[in-house]
Amino acid sequence: MPTPDELYAEASKLKSAGQIDAAVAKLQDILTVAPNHVLTHSALAVHLQKLGRPEEAVAHARRVTELEPNDPFSFTQLSVICQRCGRIQEAEDAMAHSHVLQGRTPHRH
């Protein structure tokens, strides 16, 4: 049985070949054996947003922040996904959290 990282590499090849739906299916397979595989949740957030599946995209981006709560990039990605999905307040909140983790003062409008 391939490892989660090997499956992830297969999903990346599918994505590079323009087969986003197949890549998503492969990534979802990874989560059945490794439900906390951060790279998989991160990739699913991006791909599902591009496929017009905002609820799922945000859920995966949010899961990344749960798995990597001290990683500013996790919150930056959540912010971008939320913004692209029309969730502006959630996007601003996530970016503010990213700034706090980086020791910066969040900018509020």
# chains A, B, ... in the order shown; residues from 1 in each chain; ligands from 1
$ select_by_dssp --residues "chain A" --states "helix (DSSP H, G or I)" --output "number ranges by chain"
A: 4-16, 20-33, 38-50, 54-67, 72-84, 88-101
$ residues_around --residues "region 35-44 of chain A" --least-positions-apart "3" --cutoff "9 Å" --atoms "only C-alpha atoms" --output "PyMOL selection string"
chain A and resi 4-5+8+12+23-24+27-28+30-32+47-49+56-57+59-64+67-68+74+77
$ residues_around --residues "Ile20 (chain A)" --least-positions-apart "2" --cutoff "9 Å" --atoms "only C-alpha atoms" --output "list in words"
Ala11, Leu14, Lys15, Ser16, Ala17, Gly18, Ala22, Ala23, Val24, Ala25, His47, Leu48, Lys50 and Leu51 of chain A
$ closest_residue --among "A:Asp21, A:Glu55, A:Asp29, A:Glu6" --to "Gly86 (chain A)" --atoms "only C-alpha atoms"
A:Glu55
$ residues_around --residues "Leu78 (chain A)" --least-positions-apart "6" --cutoff "8 Å" --atoms "only C-alpha atoms" --output "mmCIF file with C-alpha atoms, in the first residue's frame"
data_model
loop_
_atom_site.group_PDB
_atom_site.id
_atom_site.type_symbol
_atom_site.label_atom_id
_atom_site.label_comp_id
_atom_site.auth_asym_id
_atom_site.auth_seq_id
_atom_site.Cartn_x
_atom_site.Cartn_y
_atom_site.Cartn_z
ATOM 1 C CA VAL A 58 -13.101 26.429 3.792
ATOM 2 C CA ALA A 61 -8.429 25.250 5.130
ATOM 3 C CA ARG A 62 -9.815 25.520 8.652
ATOM 4 C CA THR A 65 -5.209 25.734 11.094
ATOM 5 C CA ALA A 91 -10.766 36.191 5.727
ATOM 6 C CA ALA A 94 -7.745 34.703 9.719
ATOM 7 C CA MET A 95 -5.250 37.251 8.378
#
$ atom_distance --atom1 "CA of Pro72 (chain A)" --atom2 "CA of Gln19 (chain A)"
29.8 Å
$ closest_residue --among "A:Lys13, A:Thr105, A:Phe75, A:Pro69" --to "Asp93 (chain A)" --atoms "only C-alpha atoms"
A:Phe75
$ atom_distance --atom1 "CA of Ser98 (chain A)" --atom2 "CA of Gly52 (chain A)"
25.1 Å
$ closest_residue --among "A:Thr3, A:Asp71, A:Glu66, A:Pro54" --to "Gln83 (chain A)" --atoms "only C-alpha atoms"
A:Pro54
